[in-house]
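Student: target.txt is the file, holding compact mmCIF, C-alpha atoms:
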```txt
# COMPACT_ATOMS: atom_id res chain seq x y z
CA MET A 1 -32.18 -1.64 51.78
CA ASP A 2 -34.62 0.95 50.49
CA PRO A 3 -36.93 1.99 53.39
CA ALA A 4 -39.96 1.59 51.14
CA PHE A 5 -38.93 -2.00 50.45
CA ILE A 6 -38.50 -2.67 54.17
CA ALA A 7 -41.98 -1.37 54.98
CA ALA A 8 -43.54 -3.36 52.14
CA ILE A 9 -41.74 -6.59 52.99
CA ASP A 10 -42.62 -6.32 56.68
CA HIS A 11 -46.32 -5.84 55.91
CA LEU A 12 -46.35 -8.55 53.25
CA ARG A 13 -44.70 -10.96 55.67
CA GLU A 14 -47.29 -10.22 58.35
CA CYS A 15 -50.46 -9.69 56.31
CA GLY A 16 -49.86 -10.93 52.76
CA TRP A 17 -50.68 -7.55 51.21
CA TYR A 18 -49.38 -3.97 51.28
CA SER A 19 -50.37 -0.49 50.10
CA SER A 20 -48.49 2.83 50.03
CA ASP A 21 -48.62 6.16 48.22
CA HIS A 22 -44.86 6.77 48.61
CA PHE A 23 -43.40 3.77 46.80
CA PHE A 24 -42.59 5.56 43.53
CA ASP A 25 -40.98 8.92 42.83
CA ALA A 26 -43.36 11.76 41.90
CA ASN A 27 -41.51 12.51 38.66
CA LEU A 28 -41.74 8.89 37.59
CA LEU A 29 -45.49 8.90 38.25
CA GLU A 30 -45.90 11.90 35.95
CA GLU A 31 -43.81 10.24 33.24
CA LEU A 32 -45.77 6.98 33.47
CA ARG A 33 -49.08 8.81 33.20
CA SER A 34 -47.79 10.73 30.17
CA THR A 35 -46.71 7.47 28.54
CA LEU A 36 -50.12 5.90 29.17
CA LEU A 37 -51.94 8.92 27.73
CA SER A 38 -49.64 8.98 24.71
CA LEU A 39 -50.40 5.33 24.01
CA LYS A 40 -54.10 6.03 24.44
CA ASP A 41 -53.89 8.85 21.88
CA LYS A 42 -52.31 6.36 19.45
CA ASP A 43 -55.16 3.86 19.99
CA ALA A 44 -52.65 1.35 21.34
CA PHE A 45 -55.02 -0.22 23.90
CA VAL A 46 -57.04 -3.36 23.21
CA PRO A 47 -60.05 -4.72 25.15
CA ALA A 48 -59.00 -7.21 27.83
CA LYS A 49 -60.29 -10.77 27.60
CA ILE A 50 -60.84 -13.56 30.10
CA GLY A 51 -60.07 -17.26 29.76
CA LYS A 52 -57.10 -18.95 28.12
CA GLY A 53 -56.13 -19.99 24.61
CA ALA A 54 -58.97 -20.55 22.19
CA LYS A 55 -61.49 -19.97 24.99
CA ARG A 56 -60.39 -16.37 25.58
CA LYS A 57 -63.18 -13.92 24.99
CA ARG A 58 -64.32 -10.41 25.76
CA ILE A 59 -67.05 -10.19 28.40
CA PRO A 60 -67.25 -6.48 29.31
CA GLN A 61 -69.81 -6.99 32.06
CA VAL A 62 -67.22 -9.19 33.82
CA ARG A 63 -64.03 -7.32 32.86
CA GLY A 64 -64.26 -3.92 31.25
CA ASP A 65 -60.69 -2.65 31.03
CA TRP A 66 -58.56 -1.98 27.96
CA ILE A 67 -54.88 -2.93 28.24
CA ARG A 68 -51.45 -2.64 26.67
CA TRP A 69 -48.63 -4.93 27.80
CA LEU A 70 -45.32 -3.19 28.51
CA SER A 71 -43.57 -5.91 26.53
CA GLN A 72 -45.41 -4.68 23.41
CA ILE A 73 -44.78 -0.94 23.53
CA GLY A 74 -41.03 -0.62 23.08
CA ASP A 75 -38.50 1.11 25.30
CA PHE A 76 -39.92 4.18 27.06
CA PRO A 77 -37.72 5.85 29.73
CA SER A 78 -40.67 5.83 32.15
CA THR A 79 -41.47 2.13 31.81
CA LYS A 80 -37.78 1.25 31.89
CA ALA A 81 -37.38 3.11 35.21
CA TYR A 82 -40.56 1.49 36.57
CA LEU A 83 -39.39 -2.00 35.64
CA GLU A 84 -35.96 -1.38 37.14
CA ARG A 85 -37.47 -0.42 40.49
CA ILE A 86 -39.88 -3.35 40.43
CA ASP A 87 -36.97 -5.67 39.66
CA GLN A 88 -35.05 -4.31 42.65
CA PHE A 89 -38.14 -4.98 44.77
CA ARG A 90 -38.42 -8.50 43.34
CA LEU A 91 -34.82 -9.26 44.24
CA ALA A 92 -35.34 -7.90 47.76
CA LEU A 93 -38.42 -10.10 48.18
CA ASN A 94 -36.55 -13.14 46.91
CA ARG A 95 -33.75 -12.47 49.39
CA GLU A 96 -35.85 -11.57 52.43
CA VAL A 97 -38.93 -13.82 52.16
CA PHE A 98 -37.80 -16.38 49.56
CA LEU A 99 -40.51 -15.31 47.13
CA GLY A 100 -39.04 -17.34 44.29
CA ALA A 101 -40.03 -14.87 41.57
CA SER A 102 -37.87 -15.04 38.46
CA GLU A 103 -39.69 -12.58 36.18
CA TYR A 104 -42.30 -9.83 36.00
CA GLU A 105 -45.03 -9.07 33.49
CA SER A 106 -47.20 -5.96 33.45
CA HIS A 107 -49.62 -3.86 31.44
CA PHE A 108 -51.18 -0.42 31.46
CA ALA A 109 -54.93 -0.54 31.99
CA ILE A 110 -57.72 1.91 31.27
CA TYR A 111 -61.17 1.36 32.71
CA PRO A 112 -63.72 3.48 30.79
CA ALA A 113 -66.55 4.99 32.80
CA ASN A 114 -69.15 2.45 33.95
CA THR A 115 -66.78 -0.52 33.79
CA GLY A 116 -65.14 -2.69 36.45
CA TYR A 117 -63.81 -6.21 37.03
CA LYS A 118 -65.83 -8.86 38.88
CA LYS A 119 -64.27 -10.70 41.82
CA HIS A 120 -61.49 -13.06 40.80
CA LEU A 121 -58.23 -14.66 41.92
CA ASP A 122 -55.04 -13.96 39.98
CA ARG A 123 -53.42 -17.34 40.54
CA HIS A 124 -55.41 -20.42 39.59
CA ARG A 125 -55.19 -23.40 37.25
CA ASP A 126 -54.83 -21.22 34.13
CA THR A 127 -52.22 -18.89 35.68
CA PRO A 128 -50.15 -21.12 38.03
CA HIS A 129 -46.97 -19.04 37.87
CA ARG A 130 -48.23 -15.75 39.34
CA ILE A 131 -46.89 -15.17 42.86
CA LEU A 132 -47.37 -11.48 43.69
CA THR A 133 -49.87 -9.07 42.13
CA THR A 134 -48.94 -5.38 41.91
CA THR A 135 -50.94 -2.32 40.86
CA LEU A 136 -49.91 1.32 40.62
CA TYR A 137 -52.63 3.95 40.18
CA LEU A 138 -52.16 6.98 37.92
CA ASN A 139 -55.38 8.92 38.56
CA LYS A 140 -55.21 12.57 39.62
CA ASP A 141 -57.71 14.20 41.98
CA TYR A 142 -59.58 10.94 42.48
CA THR A 143 -62.42 10.84 45.01
CA PRO A 144 -64.39 7.96 46.58
CA GLU A 145 -67.54 9.20 44.84
CA GLN A 146 -65.96 8.31 41.50
CA GLY A 147 -65.97 4.59 42.29
CA GLY A 148 -63.32 2.24 40.90
CA GLN A 149 -62.10 1.07 44.33
CA LEU A 150 -60.16 -2.17 44.62
CA ASP A 151 -61.82 -4.50 47.12
CA ILE A 152 -59.59 -7.22 48.55
CA GLU A 153 -60.77 -10.15 50.65
CA ASP A 154 -59.20 -13.34 52.02
CA LEU A 155 -59.99 -16.89 50.95
CA GLN A 156 -62.66 -17.11 53.66
CA ARG A 157 -64.43 -14.10 52.04
CA ASN A 158 -63.52 -11.75 54.90
CA PRO A 159 -62.93 -8.14 53.79
CA VAL A 160 -59.23 -7.25 53.97
CA ALA A 161 -58.91 -3.80 52.40
CA THR A 162 -60.57 -1.29 50.08
CA VAL A 163 -58.04 0.74 48.10
CA LEU A 164 -58.95 4.00 46.40
CA PRO A 165 -57.16 4.20 43.01
CA SER A 166 -55.70 7.60 43.81
CA TRP A 167 -52.55 9.22 42.50
CA GLY A 168 -49.38 7.23 43.21
CA THR A 169 -50.99 4.52 45.33
CA PHE A 170 -49.18 1.20 44.99
CA VAL A 171 -50.74 -2.03 46.21
CA CYS A 172 -49.42 -5.59 46.14
CA PHE A 173 -50.65 -8.91 47.47
CA ALA A 174 -50.14 -12.66 47.24
CA SER A 175 -51.79 -13.70 43.98
CA ALA A 176 -53.11 -17.03 45.27
CA GLU A 177 -54.52 -15.76 48.57
CA PHE A 178 -56.62 -12.66 47.91
CA PRO A 179 -59.72 -12.61 45.71
CA HIS A 180 -60.38 -9.04 44.59
CA GLN A 181 -62.61 -6.90 42.42
CA VAL A 182 -62.62 -3.48 40.80
CA ARG A 183 -65.84 -1.61 41.49
CA ALA A 184 -67.50 0.12 38.57
CA THR A 185 -65.88 3.50 38.00
CA LYS A 186 -67.78 6.64 37.10
CA VAL A 187 -64.77 8.18 35.36
CA GLU A 188 -61.94 6.91 33.20
CA ARG A 189 -59.48 5.09 35.51
CA TYR A 190 -55.76 4.50 34.86
CA SER A 191 -53.42 1.90 36.34
CA LEU A 192 -50.30 -0.17 35.78
CA THR A 193 -50.81 -3.78 36.88
CA GLY A 194 -48.36 -6.66 36.96
CA TRP A 195 -47.33 -9.96 38.42
CA MET A 196 -44.11 -11.32 39.82
CA ARG A 197 -43.91 -14.86 38.48
CA SER A 198 -42.07 -18.11 38.81
CA SER A 199 -40.60 -19.48 35.59
```
Now that the file is in, can you turn its structure into structure tokens?

Tutor:
Amino acid sequence: MDPAFIAAIDHLRECGWYSSDHFFDANLLEELRSTLLSLKDKDAFVPAKIGKGAKRKRIPQVRGDWIRWLSQIGDFPSTKAYLERIDQFRLALNREVFLGASEYESHFAIYPANTGYKKHLDRHRDTPHRILTTTLYLNKDYTPEQGGQLDIEDLQRNPVATVLPSWGTFVCFASAEFPHQVRATKVERYSLTGWMRSS
């Protein structure tokens, strides 16, 4: 098995979350960032909303990112390679820890300066099929002073981790067990977020 998968699975099994800046190949990171920026230049991103169905609405003070689902952008070599690696990881998780994930959904996200995402849980009544949350950061030369950190806590509100959205950092965690927030960023912030799901 891929050593990166082994490290991730071991930490997920023990702690329920994992972070690494060596999970994806450097060339793939560059290609994914180029794809994101190309889509941005084409005005392909739309403001993210919260809620479900007819109740979905845009509340930028709660969630300020703009997104584009990979399922909507066509077949890019970079996103194809990303999805192939994530699928290999999904299969390894199913085999090793019986994750039970049958599919994966994901989107590029851009947080404009002075936006963030208030604390929330990814798996709840409206999203019962999400099992594992993943995020890959595509920000170069990022510093703590620029904000935009991902704060993760447990269900008892104990701090678990603070992740700087720096170049190539990949983080994943159990969707039902870790409330999290994106702090307001002072610069434009890029990521690729997804969920391994049950059918």

Student: Determine, counting all atoms listed in the file, which protein, DNA and RNA residues have an atom within 10 Å of an atom of range 143-158 of chain A; residues of the same chain fewer than 2 positions away are not included. Present the result as a PyMOL selection string.

Tutor: chain A and resi 16-17+111+113-117+119-121+135+139-141+160-166+171+173+176-190

Student: Within 10 Å of Pro60 in chain A, counting only C-alpha atoms, which residues qualify if same-chain residues fewer than 5 places away don't, as a PDB file with C-alpha atoms, keeping the file's coordinate frame?

Tutor:
```pdb
ATOM      1  CA  PRO A  47     -60.050  -4.720  25.150  1.00  0.00           C
ATOM      2  CA  ALA A  48     -59.000  -7.210  27.830  1.00  0.00           C
ATOM      3  CA  LYS A  49     -60.290 -10.770  27.600  1.00  0.00           C
ATOM      4  CA  ILE A  50     -60.840 -13.560  30.100  1.00  0.00           C
ATOM      5  CA  ASP A  65     -60.690  -2.650  31.030  1.00  0.00           C
ATOM      6  CA  TRP A  66     -58.560  -1.980  27.960  1.00  0.00           C
ATOM      7  CA  THR A 115     -66.780  -0.520  33.790  1.00  0.00           C
ATOM      8  CA  GLY A 116     -65.140  -2.690  36.450  1.00  0.00           C
ATOM      9  CA  TYR A 117     -63.810  -6.210  37.030  1.00  0.00           C
ATOM     10  CA  LYS A 118     -65.830  -8.860  38.880  1.00  0.00           C
TER      11      LYS A 118
END
```

Student: Considering all atoms listed in the file, state which residue in the set A:Lys80, A:Arg85, A:His22, A:Arg197 is at the smallest distance from Thr133 in chain A.

Tutor: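 The answer is A:Arg197, which sits nearest to Thr133 in chain A.
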
Student: For a test of reading the model, state the distance in Å between CA of Ala174 in chain A and CA of Leu132 in chain A, rounded to one decimal.

Tutor: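 These two atoms are separated by 4.7 Å.
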
Student: In Å, how far is it from CA of Leu28 in chain A to CA of Phe108 in chain A?

Tutor: 14.6 Å

Student: For Arg56 in chain A, which residue among A:Asp126, A:Asp41, A:Asp21, A:Thr169 is the nearest when counting all atoms listed in the file?

Tutor: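 Looking only at the distances to Arg56 in chain A, the closest residue turns out to be A:Asp126.
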
Student: What gap, in Å, lies between CA of Ile131 in chain A and CA of Glu31 in chain A?

Tutor: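 CA of Ile131 in chain A sits 27.3 Å away from CA of Glu31 in chain A.
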
Student: Please determine, counting all atoms listed in the file, which residue among A:Thr79, A:Gly64, A:Ile110, A:Thr127 has the shortest atom-to-atom distance to Ala44 in chain A.

Tutor: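 Smallest separation from Ala44 in chain A among the options: A:Ile110.
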
Student: Which is closer to Thr134 in chain A than all the others in A:Val46, A:Leu91, A:Ala81, A:Met196, using all atoms listed in the file?

Tutor: A:Met196

Student: With only C-alpha atoms as the basis for distance, which of A:Ala101, A:Ala92, A:Ile86, A:Leu70 is at the shortest distance from Thr35 in chain A?

Tutor: A:Leu70

Student: Save range 65-174 of chain A of the structure in the block above to a file, with C-alpha atoms included, as a short mmCIF file (atom, residue, chain, number, x, y, z; two decimals), in the first residue's frame.

Tutor:
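What ended up in part-v4.cif:
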```cif
data_model
loop_
_atom_site.label_atom_id
_atom_site.label_comp_id
_atom_site.auth_asym_id
_atom_site.auth_seq_id
_atom_site.Cartn_x
_atom_site.Cartn_y
_atom_site.Cartn_z
CA ASP A 65 -16.58 31.14 -0.40
CA TRP A 66 -17.25 30.80 -4.12
CA ILE A 67 -17.27 27.26 -5.50
CA ARG A 68 -17.26 25.12 -8.62
CA TRP A 69 -18.09 21.41 -8.41
CA LEU A 70 -15.69 19.11 -10.26
CA SER A 71 -18.70 17.29 -11.70
CA GLN A 72 -19.62 20.50 -13.56
CA ILE A 73 -16.33 21.46 -15.18
CA GLY A 74 -15.64 18.64 -17.62
CA ASP A 75 -12.61 16.41 -17.91
CA PHE A 76 -9.37 18.17 -16.94
CA PRO A 77 -6.20 16.02 -16.67
CA SER A 78 -5.46 17.54 -13.26
CA THR A 79 -8.86 16.83 -11.73
CA LYS A 80 -8.92 13.37 -13.30
CA ALA A 81 -5.57 12.54 -11.66
CA TYR A 82 -6.76 14.01 -8.34
CA LEU A 83 -9.96 11.96 -8.39
CA GLU A 84 -8.07 8.79 -9.28
CA ARG A 85 -5.78 9.17 -6.28
CA ILE A 86 -8.68 10.00 -3.96
CA ASP A 87 -10.51 6.93 -5.24
CA GLN A 88 -7.49 4.75 -4.48
CA PHE A 89 -7.47 6.24 -0.97
CA ARG A 90 -11.21 5.59 -0.62
CA LEU A 91 -10.76 1.94 -1.56
CA ALA A 92 -7.87 1.60 0.90
CA LEU A 93 -10.02 3.10 3.67
CA ASN A 94 -12.90 0.79 2.83
CA ARG A 95 -10.57 -2.20 2.99
CA GLU A 96 -8.59 -1.25 6.09
CA VAL A 97 -11.14 0.50 8.35
CA PHE A 98 -14.44 -0.50 6.71
CA LEU A 99 -15.28 3.11 5.89
CA GLY A 100 -18.21 2.13 3.69
CA ALA A 101 -17.74 5.00 1.23
CA SER A 102 -19.12 4.32 -2.24
CA GLU A 103 -18.57 7.69 -3.92
CA TYR A 104 -16.82 11.05 -3.69
CA GLU A 105 -17.96 14.58 -4.44
CA SER A 106 -15.76 17.67 -4.47
CA HIS A 107 -15.47 21.30 -5.50
CA PHE A 108 -12.85 23.98 -5.92
CA ALA A 109 -13.32 26.86 -3.49
CA ILE A 110 -12.13 30.44 -3.46
CA TYR A 111 -12.43 32.54 -0.33
CA PRO A 112 -12.10 36.24 -1.23
CA ALA A 113 -10.28 38.45 1.25
CA ASN A 114 -12.25 39.14 4.44
CA THR A 115 -14.41 36.02 4.16
CA GLY A 116 -14.55 32.76 6.12
CA TYR A 117 -16.96 30.01 7.16
CA LYS A 118 -18.55 29.90 10.61
CA LYS A 119 -18.29 26.75 12.71
CA HIS A 120 -20.32 23.86 11.33
CA LEU A 121 -20.51 20.07 11.05
CA ASP A 122 -20.39 18.44 7.62
CA ARG A 123 -22.64 15.50 8.44
CA HIS A 124 -26.05 16.27 9.89
CA ARG A 125 -29.72 15.76 9.08
CA ASP A 126 -29.47 17.52 5.70
CA THR A 127 -26.26 15.72 4.65
CA PRO A 128 -26.54 12.20 6.17
CA HIS A 129 -24.34 10.47 3.60
CA ARG A 130 -21.05 12.29 4.19
CA ILE A 131 -18.49 10.09 5.95
CA LEU A 132 -15.06 11.67 5.48
CA THR A 133 -14.29 15.32 4.72
CA THR A 134 -11.16 16.15 2.70
CA THR A 135 -9.50 19.45 1.83
CA LEU A 136 -6.40 20.17 -0.24
CA TYR A 137 -4.90 23.67 -0.10
CA LEU A 138 -3.47 25.37 -3.18
CA ASN A 139 -2.06 28.59 -1.71
CA LYS A 140 1.56 29.54 -2.33
CA ASP A 141 3.73 31.39 0.20
CA TYR A 142 0.94 31.42 2.77
CA THR A 143 1.69 32.78 6.24
CA PRO A 144 -0.24 32.64 9.55
CA GLU A 145 -0.65 36.43 9.43
CA GLN A 146 -2.87 36.02 6.36
CA GLY A 147 -5.57 34.21 8.35
CA GLY A 148 -7.79 31.58 6.74
CA GLN A 149 -6.78 28.79 9.15
CA LEU A 150 -8.99 25.74 9.53
CA ASP A 151 -9.93 25.23 13.19
CA ILE A 152 -11.07 21.72 14.10
CA GLU A 153 -12.63 20.71 17.41
CA ASP A 154 -14.31 17.59 18.79
CA LEU A 155 -17.97 17.20 19.70
CA GLN A 156 -17.19 18.31 23.27
CA ARG A 157 -15.83 21.61 21.86
CA ASN A 158 -12.22 20.74 22.70
CA PRO A 159 -9.68 22.13 20.20
CA VAL A 160 -8.21 19.36 18.06
CA ALA A 161 -6.08 21.09 15.42
CA THR A 162 -5.49 24.37 13.60
CA VAL A 163 -4.39 23.85 10.00
CA LEU A 164 -2.71 26.58 7.99
CA PRO A 165 -3.99 26.46 4.38
CA SER A 166 -0.49 26.33 2.96
CA TRP A 167 0.72 24.87 -0.31
CA GLY A 168 -0.02 21.15 -0.71
CA THR A 169 -1.45 20.59 2.76
CA PHE A 170 -4.10 17.86 2.76
CA VAL A 171 -6.43 17.37 5.71
CA CYS A 172 -9.21 14.85 6.27
CA PHE A 173 -11.50 14.02 9.16
CA ALA A 174 -14.67 12.15 10.09
#
```
